[in-house]
$ cat query13.cif   # mmCIF, C-alpha atoms and all ligand atoms
data_start
loop_
_atom_site.group_PDB
_atom_site.id
_atom_site.type_symbol
_atom_site.label_atom_id
_atom_site.label_comp_id
_atom_site.auth_asym_id
_atom_site.auth_seq_id
_atom_site.Cartn_x
_atom_site.Cartn_y
_atom_site.Cartn_z
ATOM 1 C CA MET A 29 -13.404 -35.672 5.073
ATOM 2 C CA SER A 30 -15.934 -32.862 4.706
ATOM 3 C CA GLU A 31 -16.459 -31.062 1.427
ATOM 4 C CA GLY A 32 -14.735 -27.696 1.052
ATOM 5 C CA LEU A 33 -16.444 -24.341 0.830
ATOM 6 C CA LEU A 34 -17.426 -22.856 -2.537
ATOM 7 C CA ILE A 35 -16.783 -19.098 -2.394
ATOM 8 C CA ILE A 36 -18.043 -16.929 -5.229
ATOM 9 C CA ILE A 37 -16.379 -13.543 -5.531
ATOM 10 C CA SER A 38 -17.769 -11.150 -8.067
ATOM 11 C CA GLY A 39 -18.518 -7.520 -8.718
ATOM 12 C CA PRO A 40 -18.355 -5.019 -11.563
ATOM 13 C CA SER A 41 -15.206 -4.986 -13.645
ATOM 14 C CA GLY A 42 -12.838 -2.470 -12.089
ATOM 15 C CA ALA A 43 -14.089 -3.177 -8.554
ATOM 16 C CA GLY A 44 -10.791 -4.938 -7.950
ATOM 17 C CA LYS A 45 -12.017 -8.478 -7.344
ATOM 18 C CA GLY A 46 -8.940 -9.960 -9.012
ATOM 19 C CA THR A 47 -6.604 -7.945 -6.792
ATOM 20 C CA VAL A 48 -8.588 -8.821 -3.669
ATOM 21 C CA CYS A 49 -8.411 -12.523 -4.600
ATOM 22 C CA LYS A 50 -4.651 -12.313 -5.160
ATOM 23 C CA GLU A 51 -4.189 -10.640 -1.784
ATOM 24 C CA LEU A 52 -6.370 -13.280 -0.131
ATOM 25 C CA LEU A 53 -4.355 -16.106 -1.691
ATOM 26 C CA SER A 54 -1.104 -14.504 -0.551
ATOM 27 C CA MET A 55 -2.334 -14.945 3.040
ATOM 28 C CA ASN A 56 -1.684 -18.665 2.606
ATOM 29 C CA LEU A 57 -4.911 -19.835 4.172
ATOM 30 C CA PRO A 58 -4.757 -23.598 4.490
ATOM 31 C CA ASP A 59 -6.873 -25.336 1.835
ATOM 32 C CA LEU A 60 -7.851 -22.190 -0.103
ATOM 33 C CA GLU A 61 -7.513 -22.361 -3.882
ATOM 34 C CA LEU A 62 -8.566 -20.268 -6.838
ATOM 35 C CA SER A 63 -10.432 -22.027 -9.624
ATOM 36 C CA VAL A 64 -9.057 -21.629 -13.140
ATOM 37 C CA SER A 65 -11.705 -20.709 -15.722
ATOM 38 C CA ALA A 66 -11.869 -21.462 -19.415
ATOM 39 C CA THR A 67 -12.146 -18.519 -21.806
ATOM 40 C CA THR A 68 -12.216 -17.696 -25.500
ATOM 41 C CA ARG A 69 -10.390 -14.420 -24.777
ATOM 42 C CA LYS A 70 -6.841 -14.213 -26.114
ATOM 43 C CA PRO A 71 -4.101 -14.226 -23.442
ATOM 44 C CA ARG A 72 -2.861 -10.820 -22.273
ATOM 45 C CA THR A 73 0.860 -10.227 -21.823
ATOM 46 C CA GLY A 74 2.123 -12.352 -18.953
ATOM 47 C CA GLU A 75 -0.920 -14.609 -18.735
ATOM 48 C CA LEU A 76 -0.219 -18.335 -18.657
ATOM 49 C CA GLU A 77 -2.227 -21.320 -19.895
ATOM 50 C CA GLY A 78 -3.674 -23.355 -17.008
ATOM 51 C CA ILE A 79 -2.733 -20.699 -14.441
ATOM 52 C CA SER A 80 -4.493 -17.525 -15.580
ATOM 53 C CA TYR A 81 -7.080 -19.340 -17.705
ATOM 54 C CA PHE A 82 -7.528 -22.388 -19.886
ATOM 55 C CA PHE A 83 -7.503 -20.576 -23.244
ATOM 56 C CA LYS A 84 -9.928 -22.132 -25.770
ATOM 57 C CA GLU A 85 -11.044 -21.612 -29.323
ATOM 58 C CA LYS A 86 -14.742 -20.750 -29.633
ATOM 59 C CA GLU A 87 -15.618 -24.173 -31.183
ATOM 60 C CA GLU A 88 -13.942 -25.982 -28.308
ATOM 61 C CA PHE A 89 -15.761 -23.816 -25.767
ATOM 62 C CA VAL A 90 -19.142 -24.465 -27.417
ATOM 63 C CA GLN A 91 -18.423 -28.187 -27.357
ATOM 64 C CA MET A 92 -17.710 -27.958 -23.610
ATOM 65 C CA ILE A 93 -21.054 -26.158 -23.131
ATOM 66 C CA ASN A 94 -22.871 -28.914 -25.053
ATOM 67 C CA GLN A 95 -21.198 -31.593 -22.970
ATOM 68 C CA ASN A 96 -22.361 -29.863 -19.785
ATOM 69 C CA GLU A 97 -18.775 -29.368 -18.651
ATOM 70 C CA PHE A 98 -19.381 -25.987 -16.989
ATOM 71 C CA ILE A 99 -20.911 -25.170 -13.594
ATOM 72 C CA GLU A 100 -21.723 -21.840 -15.214
ATOM 73 C CA TYR A 101 -20.649 -19.916 -18.245
ATOM 74 C CA ALA A 102 -21.319 -16.443 -19.522
ATOM 75 C CA GLN A 103 -20.542 -14.142 -22.351
ATOM 76 C CA VAL A 104 -18.726 -11.188 -20.833
ATOM 77 C CA TYR A 105 -18.431 -8.404 -23.346
ATOM 78 C CA ASP A 106 -17.209 -10.193 -26.503
ATOM 79 C CA ASN A 107 -15.775 -13.348 -24.985
ATOM 80 C CA PHE A 108 -16.987 -16.506 -23.285
ATOM 81 C CA TYR A 109 -15.893 -17.509 -19.795
ATOM 82 C CA GLY A 110 -16.820 -20.669 -17.901
ATOM 83 C CA THR A 111 -16.081 -22.564 -14.708
ATOM 84 C CA PRO A 112 -15.031 -26.167 -15.409
ATOM 85 C CA ARG A 113 -17.257 -28.506 -13.397
ATOM 86 C CA SER A 114 -14.919 -31.450 -12.783
ATOM 87 C CA TYR A 115 -11.945 -29.211 -11.928
ATOM 88 C CA VAL A 116 -13.915 -27.507 -9.138
ATOM 89 C CA GLN A 117 -15.768 -30.603 -7.898
ATOM 90 C CA ASN A 118 -12.522 -32.585 -7.528
ATOM 91 C CA LYS A 119 -11.073 -29.835 -5.363
ATOM 92 C CA LEU A 120 -14.190 -29.534 -3.194
ATOM 93 C CA ASP A 121 -14.334 -33.327 -2.776
ATOM 94 C CA SER A 122 -10.756 -33.353 -1.559
ATOM 95 C CA GLY A 123 -11.676 -30.818 1.133
ATOM 96 C CA LYS A 124 -10.282 -27.707 -0.552
ATOM 97 C CA ASP A 125 -12.098 -24.385 -0.324
ATOM 98 C CA VAL A 126 -12.470 -23.044 -3.854
ATOM 99 C CA ILE A 127 -12.826 -19.424 -4.937
ATOM 100 C CA LEU A 128 -14.661 -18.651 -8.169
ATOM 101 C CA GLU A 129 -13.713 -15.157 -9.318
ATOM 102 C CA ILE A 130 -16.426 -14.675 -11.902
ATOM 103 C CA ASP A 131 -18.769 -12.087 -13.359
ATOM 104 C CA ILE A 132 -22.225 -11.395 -11.952
ATOM 105 C CA GLN A 133 -24.289 -13.296 -14.553
ATOM 106 C CA GLY A 134 -22.174 -16.385 -13.844
ATOM 107 C CA ALA A 135 -22.499 -15.949 -10.086
ATOM 108 C CA MET A 136 -26.297 -15.867 -10.412
ATOM 109 C CA GLN A 137 -26.224 -19.174 -12.326
ATOM 110 C CA VAL A 138 -24.089 -20.745 -9.593
ATOM 111 C CA LYS A 139 -26.560 -19.482 -6.993
ATOM 112 C CA LYS A 140 -29.382 -21.407 -8.677
ATOM 113 C CA ASN A 141 -27.503 -24.709 -8.677
ATOM 114 C CA ASN A 142 -25.220 -24.307 -5.647
ATOM 115 C CA PRO A 143 -27.181 -22.249 -3.094
ATOM 116 C CA GLU A 144 -24.830 -23.521 -0.361
ATOM 117 C CA GLY A 145 -22.048 -21.380 -1.875
ATOM 118 C CA VAL A 146 -20.885 -18.205 -0.155
ATOM 119 C CA PHE A 147 -21.596 -15.206 -2.383
ATOM 120 C CA VAL A 148 -19.379 -12.166 -1.868
ATOM 121 C CA PHE A 149 -19.839 -8.957 -3.858
ATOM 122 C CA ILE A 150 -16.808 -6.683 -4.185
ATOM 123 C CA MET A 151 -18.146 -3.138 -4.322
ATOM 124 C CA PRO A 152 -16.109 -0.278 -5.784
ATOM 125 C CA PRO A 153 -15.855 2.621 -3.291
ATOM 126 C CA SER A 154 -17.446 5.020 -5.798
ATOM 127 C CA PHE A 155 -18.292 5.368 -9.473
ATOM 128 C CA GLU A 156 -15.448 7.866 -9.900
ATOM 129 C CA GLU A 157 -12.937 5.403 -8.480
ATOM 130 C CA LEU A 158 -14.341 2.627 -10.682
ATOM 131 C CA LYS A 159 -13.878 4.811 -13.748
ATOM 132 C CA HIS A 160 -10.341 5.680 -12.719
ATOM 133 C CA ARG A 161 -9.432 1.998 -12.175
ATOM 134 C CA ILE A 162 -10.848 0.807 -15.497
ATOM 135 C CA ILE A 163 -9.101 3.549 -17.436
ATOM 136 C CA SER A 164 -5.745 3.317 -15.651
ATOM 137 C CA ARG A 165 -5.627 -0.483 -16.023
ATOM 138 C CA GLY A 166 -4.740 0.257 -19.637
ATOM 139 C CA THR A 167 -5.748 -3.190 -20.899
ATOM 140 C CA ASP A 168 -9.083 -2.281 -22.445
ATOM 141 C CA SER A 169 -9.934 -0.457 -25.653
ATOM 142 C CA HIS A 170 -11.922 2.795 -25.522
ATOM 143 C CA LYS A 171 -15.006 0.901 -26.709
ATOM 144 C CA ASP A 172 -14.612 -1.721 -23.937
ATOM 145 C CA ILE A 173 -14.155 0.970 -21.288
ATOM 146 C CA LEU A 174 -17.426 2.645 -22.289
ATOM 147 C CA LYS A 175 -19.251 -0.707 -22.247
ATOM 148 C CA ARG A 176 -17.909 -1.564 -18.795
ATOM 149 C CA LEU A 177 -18.882 1.792 -17.311
ATOM 150 C CA HIS A 178 -22.338 1.539 -18.813
ATOM 151 C CA GLU A 179 -22.851 -1.900 -17.230
ATOM 152 C CA ALA A 180 -21.584 -0.874 -13.797
ATOM 153 C CA TYR A 181 -24.843 0.627 -12.488
ATOM 154 C CA ARG A 182 -26.932 -2.406 -13.444
ATOM 155 C CA GLU A 183 -24.312 -4.668 -11.864
ATOM 156 C CA VAL A 184 -24.137 -2.733 -8.607
ATOM 157 C CA LEU A 185 -27.905 -3.180 -8.215
ATOM 158 C CA LEU A 186 -27.453 -6.961 -8.449
ATOM 159 C CA SER A 187 -25.372 -6.916 -5.263
ATOM 160 C CA ARG A 188 -28.733 -7.361 -3.480
ATOM 161 C CA ASN A 189 -28.603 -11.047 -4.391
ATOM 162 C CA TYR A 190 -25.353 -11.697 -2.517
ATOM 163 C CA ASP A 191 -24.658 -12.862 1.049
ATOM 164 C CA TYR A 192 -21.899 -10.330 1.744
ATOM 165 C CA ILE A 193 -20.813 -6.940 0.406
ATOM 166 C CA VAL A 194 -17.177 -5.962 0.772
ATOM 167 C CA THR A 195 -16.236 -2.440 -0.287
ATOM 168 C CA ASN A 196 -12.798 -2.372 -1.825
ATOM 169 C CA ASP A 197 -11.338 0.984 -0.834
ATOM 170 C CA ASP A 198 -8.196 -0.693 0.419
ATOM 171 C CA VAL A 199 -7.131 -4.084 -0.951
ATOM 172 C CA LYS A 200 -5.606 -5.438 2.266
ATOM 173 C CA THR A 201 -8.643 -4.466 4.345
ATOM 174 C CA ALA A 202 -11.014 -5.931 1.772
ATOM 175 C CA ALA A 203 -9.072 -9.218 1.598
ATOM 176 C CA ASP A 204 -9.013 -9.366 5.384
ATOM 177 C CA LYS A 205 -12.796 -9.017 5.423
ATOM 178 C CA VAL A 206 -13.174 -11.872 2.940
ATOM 179 C CA ARG A 207 -10.874 -13.971 5.106
ATOM 180 C CA SER A 208 -13.115 -13.282 8.116
ATOM 181 C CA ILE A 209 -16.176 -14.242 6.080
ATOM 182 C CA ILE A 210 -14.566 -17.570 5.150
ATOM 183 C CA THR A 211 -13.591 -18.244 8.760
ATOM 184 C CA ALA A 212 -17.113 -17.462 9.996
ATOM 185 C CA GLU A 213 -18.770 -19.543 7.270
ATOM 186 C CA LYS A 214 -16.676 -22.558 8.202
ATOM 187 C CA CYS A 215 -17.982 -22.295 11.778
ATOM 188 C CA LYS A 216 -21.644 -22.140 10.736
ATOM 189 C CA LEU A 217 -23.816 -24.683 12.471
ATOM 190 C CA GLN A 218 -25.196 -26.038 9.182
ATOM 191 C CA ARG A 219 -21.676 -26.694 7.898
ATOM 192 C CA THR A 220 -20.247 -28.364 10.971
ATOM 193 C CA LYS A 221 -20.667 -32.053 11.551
ATOM 194 C CA ILE A 222 -20.570 -32.382 15.312
ATOM 195 C CA ASP A 223 -20.809 -35.862 16.758
ATOM 196 C CA TYR A 224 -23.084 -34.889 19.648
ATOM 197 C CA GLU A 225 -23.189 -38.468 20.998
ATOM 198 C CA SER A 226 -19.469 -38.402 21.649
ATOM 199 C CA TYR A 227 -20.050 -35.656 24.243
ATOM 200 C CA LYS A 228 -22.442 -37.800 26.280
ATOM 201 C CA GLU A 229 -21.132 -39.197 29.529
ATOM 202 C CA ASP A 230 -21.640 -42.998 29.652
HETATM 203 P P1 LIG A 301 -10.882 -10.624 -17.828
HETATM 204 O O1 LIG A 301 -11.067 -10.751 -19.297
HETATM 205 O O2 LIG A 301 -10.580 -9.226 -17.405
HETATM 206 O O3 LIG A 301 -9.867 -11.629 -17.282
HETATM 207 O O4 LIG A 301 -12.263 -11.009 -17.145
HETATM 208 C C1 LIG A 301 -13.443 -10.378 -17.536
HETATM 209 C C2 LIG A 301 -14.550 -10.769 -16.605
HETATM 210 O O5 LIG A 301 -14.840 -12.175 -16.726
HETATM 211 C C3 LIG A 301 -14.248 -10.543 -15.133
HETATM 212 O O6 LIG A 301 -15.384 -9.925 -14.556
HETATM 213 C C4 LIG A 301 -14.045 -11.936 -14.589
HETATM 214 O O7 LIG A 301 -14.390 -12.030 -13.231
HETATM 215 C C5 LIG A 301 -15.012 -12.721 -15.436
HETATM 216 N N1 LIG A 301 -14.739 -14.161 -15.437
HETATM 217 C C6 LIG A 301 -13.550 -14.789 -15.376
HETATM 218 N N2 LIG A 301 -13.716 -16.114 -15.374
HETATM 219 C C7 LIG A 301 -15.046 -16.347 -15.413
HETATM 220 C C8 LIG A 301 -15.863 -17.517 -15.419
HETATM 221 O O8 LIG A 301 -15.406 -18.662 -15.360
HETATM 222 N N3 LIG A 301 -17.197 -17.334 -15.491
HETATM 223 C C9 LIG A 301 -17.767 -16.109 -15.547
HETATM 224 N N4 LIG A 301 -19.091 -16.054 -15.576
HETATM 225 N N5 LIG A 301 -17.052 -14.990 -15.534
HETATM 226 C C10 LIG A 301 -15.701 -15.099 -15.471
#
$ encode --input "query13.cif" --output "structure tokens"
Amino acid sequence: MSEGLLIIISGPSGAGKGTVCKELLSMNLPDLELSVSATTRKPRTGELEGISYFFKEKEEFVQMINQNEFIEYAQVYDNFYGTPRSYVQNKLDSGKDVILEIDIQGAMQVKKNNPEGVFVFIMPPSFEELKHRIISRGTDSHKDILKRLHEAYREVLLSRNYDYIVTNDDVKTAADKVRSIITAEKCKLQRTKIDYESYKED
């Protein structure tokens, strides 16, 4: 069985990467799964342990860092977030394609260690729209909103390090584009294991 594809989806907060991922998963692509991250952030209303995140105390998270249990981790605003190594590796080994929906610092760490990953940047259609989305989400404090908007420009510039840019002006269209990227990546010569000998006439 061949190893699944590691797909990294990131972008500035408010670009809509979470919504695009949800839409993509609703397309029921065979073998596509979303990784579940660990975080020290407190659960928001409706979030579930082991589904939205693995919610951790800071001490527990630091212990996981020291035991090298993360593929990457980052401090995003005031909280820590990390991708559990064994959780993702087990899925890839069993042939699943795994999406990491993570922030840009984390994506850049993954790129160093897993250059074979597929790096997709979700771009907000405009700064105005980004601002509107962050404010209307209603989950962030005024202080957090200002921090996020301030970071957005620096983050948009980092899109240069990605393989693909998908502008999210319409969620369905954006998710469709990511689906096409996944399909194309799975057909890439370097990823296919063709048994050329079997095509030879005896
Ligand atoms: P939120 O608190 O809104 O769920 O997420 C805040 C930010 O953390 C988002 O940009 C999200 O993509 C990012 N994030 C979620 N999980 C991870 C992770 O495992 N690693 C990193 N580096 N960022 C993450």
$ resolve_selection --input "query13.cif" --expression "the PyMOL selection byres (((chain A and resi 70) around 12) and not hetatm)" --output "PDB file with C-alpha atoms, in the frame of the given file"
ATOM      1  CA  ALA A  66     -11.869 -21.462 -19.415  1.00  0.00           C
ATOM      2  CA  THR A  67     -12.146 -18.519 -21.806  1.00  0.00           C
ATOM      3  CA  THR A  68     -12.216 -17.696 -25.500  1.00  0.00           C
ATOM      4  CA  ARG A  69     -10.390 -14.420 -24.777  1.00  0.00           C
ATOM      5  CA  PRO A  71      -4.101 -14.226 -23.442  1.00  0.00           C
ATOM      6  CA  ARG A  72      -2.861 -10.820 -22.273  1.00  0.00           C
ATOM      7  CA  THR A  73       0.860 -10.227 -21.823  1.00  0.00           C
ATOM      8  CA  GLY A  74       2.123 -12.352 -18.953  1.00  0.00           C
ATOM      9  CA  GLU A  75      -0.920 -14.609 -18.735  1.00  0.00           C
ATOM     10  CA  LEU A  76      -0.219 -18.335 -18.657  1.00  0.00           C
ATOM     11  CA  GLU A  77      -2.227 -21.320 -19.895  1.00  0.00           C
ATOM     12  CA  SER A  80      -4.493 -17.525 -15.580  1.00  0.00           C
ATOM     13  CA  TYR A  81      -7.080 -19.340 -17.705  1.00  0.00           C
ATOM     14  CA  PHE A  82      -7.528 -22.388 -19.886  1.00  0.00           C
ATOM     15  CA  PHE A  83      -7.503 -20.576 -23.244  1.00  0.00           C
ATOM     16  CA  LYS A  84      -9.928 -22.132 -25.770  1.00  0.00           C
ATOM     17  CA  GLU A  85     -11.044 -21.612 -29.323  1.00  0.00           C
ATOM     18  CA  LYS A  86     -14.742 -20.750 -29.633  1.00  0.00           C
ATOM     19  CA  ASP A 106     -17.209 -10.193 -26.503  1.00  0.00           C
ATOM     20  CA  ASN A 107     -15.775 -13.348 -24.985  1.00  0.00           C
ATOM     21  CA  PHE A 108     -16.987 -16.506 -23.285  1.00  0.00           C
ATOM     22  CA  TYR A 109     -15.893 -17.509 -19.795  1.00  0.00           C
TER      23      TYR A 109
END
$ resolve_selection --input "query13.cif" --expression "the PyMOL selection byres (((chain A and resi 144) around 10) and not hetatm)" --output "ChimeraX atom specification"
/A:33-35,138-143,145-147,218-219
$ closest_residue --input "query13.cif" --among "A:Gly110, A:Pro153, A:Gly39, A:Gly32" --to "ligand LIG 301 (chain A)" --atoms "only C-alpha atoms and all ligand atoms"
A:Gly110
$ closest_residue --input "query13.cif" --among "A:Ser154, A:Ser226, A:Ser187, A:Ser63" --to "ligand LIG 301 (chain A)" --atoms "all atoms listed in the file"
A:Ser63
$ closest_residue --input "query13.cif" --among "A:Ile162, A:Ala135, A:Val199, A:Leu186" --to "ligand LIG 301 (chain A)" --atoms "all atoms listed in the file"
A:Ala135
$ resolve_selection --input "query13.cif" --expression "the PyMOL selection byres (((not hetatm)) within 6 of (chain A and resi 301))" --output "short mmCIF file (atom, residue, chain, number, x, y, z; two decimals) with C-alpha atoms, keeping the file's coordinate frame"
data_model
loop_
_atom_site.label_atom_id
_atom_site.label_comp_id
_atom_site.auth_asym_id
_atom_site.auth_seq_id
_atom_site.Cartn_x
_atom_site.Cartn_y
_atom_site.Cartn_z
CA SER A 41 -15.21 -4.99 -13.64
CA SER A 65 -11.70 -20.71 -15.72
CA TYR A 101 -20.65 -19.92 -18.24
CA ALA A 102 -21.32 -16.44 -19.52
CA VAL A 104 -18.73 -11.19 -20.83
CA TYR A 109 -15.89 -17.51 -19.80
CA GLY A 110 -16.82 -20.67 -17.90
CA THR A 111 -16.08 -22.56 -14.71
CA GLU A 129 -13.71 -15.16 -9.32
CA ILE A 130 -16.43 -14.68 -11.90
CA ASP A 131 -18.77 -12.09 -13.36
CA GLN A 133 -24.29 -13.30 -14.55
CA GLY A 134 -22.17 -16.39 -13.84
#
$ residues_around --input "query13.cif" --residues "segment 170-184 of chain A" --least-positions-apart "6" --cutoff "9 Å" --atoms "all atoms listed in the file" --output "ChimeraX atom specification"
/A:39-42,105,132,149,151-152,155,158-159,162-163
$ atom_distance --input "query13.cif" --atom1 "atom CA of Glu51 of chain A" --atom2 "atom CA of Glu100 of chain A"
24.8 Å
$ axis_aligned_box --input "query13.cif" --around "segment 213-230 of chain A" --padding-each-side "6 Å" --output "JSON"
{"center_x": -20.9, "center_y": -31.3, "center_z": 18.5, "size_x": 20.5, "size_y": 35.5, "size_z": 34.4}
$ residues_near_point --input "query13.cif" --point "(-18.7, -30.3, -16.8)" --cutoff "10 Å" --atoms "only C-alpha atoms" --output "list in words"
Met92, Ile93, Asn94, Gln95, Asn96, Glu97, Phe98, Ile99, Glu100, Gly110, Thr111, Pro112, Arg113, Ser114, Tyr115, Val116 and Gln117 of chain A
$ atom_distance --input "query13.cif" --atom1 "atom CA of Thr195 of chain A" --atom2 "atom CA of Ile150 of chain A"
5.8 Å
$ atom_distance --input "query13.cif" --atom1 "atom CA of Leu53 of chain A" --atom2 "atom CA of Glu213 of chain A"
17.3 Å
$ decode --input "query13.cif" --residues "segment 168-181 of chain A" --atoms "C-alpha atoms" --output "short mmCIF file (atom, residue, chain, number, x, y, z; two decimals), in the first residue's frame"
data_model
loop_
_atom_site.label_atom_id
_atom_site.label_comp_id
_atom_site.auth_asym_id
_atom_site.auth_seq_id
_atom_site.Cartn_x
_atom_site.Cartn_y
_atom_site.Cartn_z
CA ASP A 168 -12.49 36.99 19.14
CA SER A 169 -11.96 39.84 21.58
CA HIS A 170 -11.26 43.36 20.28
CA LYS A 171 -7.59 42.92 21.21
CA ASP A 172 -7.37 39.62 19.28
CA ILE A 173 -9.04 41.15 16.23
CA LEU A 174 -6.46 43.95 16.11
CA LYS A 175 -3.60 41.46 16.48
CA ARG A 176 -4.95 39.26 13.68
CA LEU A 177 -5.39 42.17 11.28
CA HIS A 178 -1.91 43.43 12.05
CA GLU A 179 -0.42 40.00 11.25
CA ALA A 180 -2.35 39.55 8.01
CA TYR A 181 0.00 41.52 5.74
#
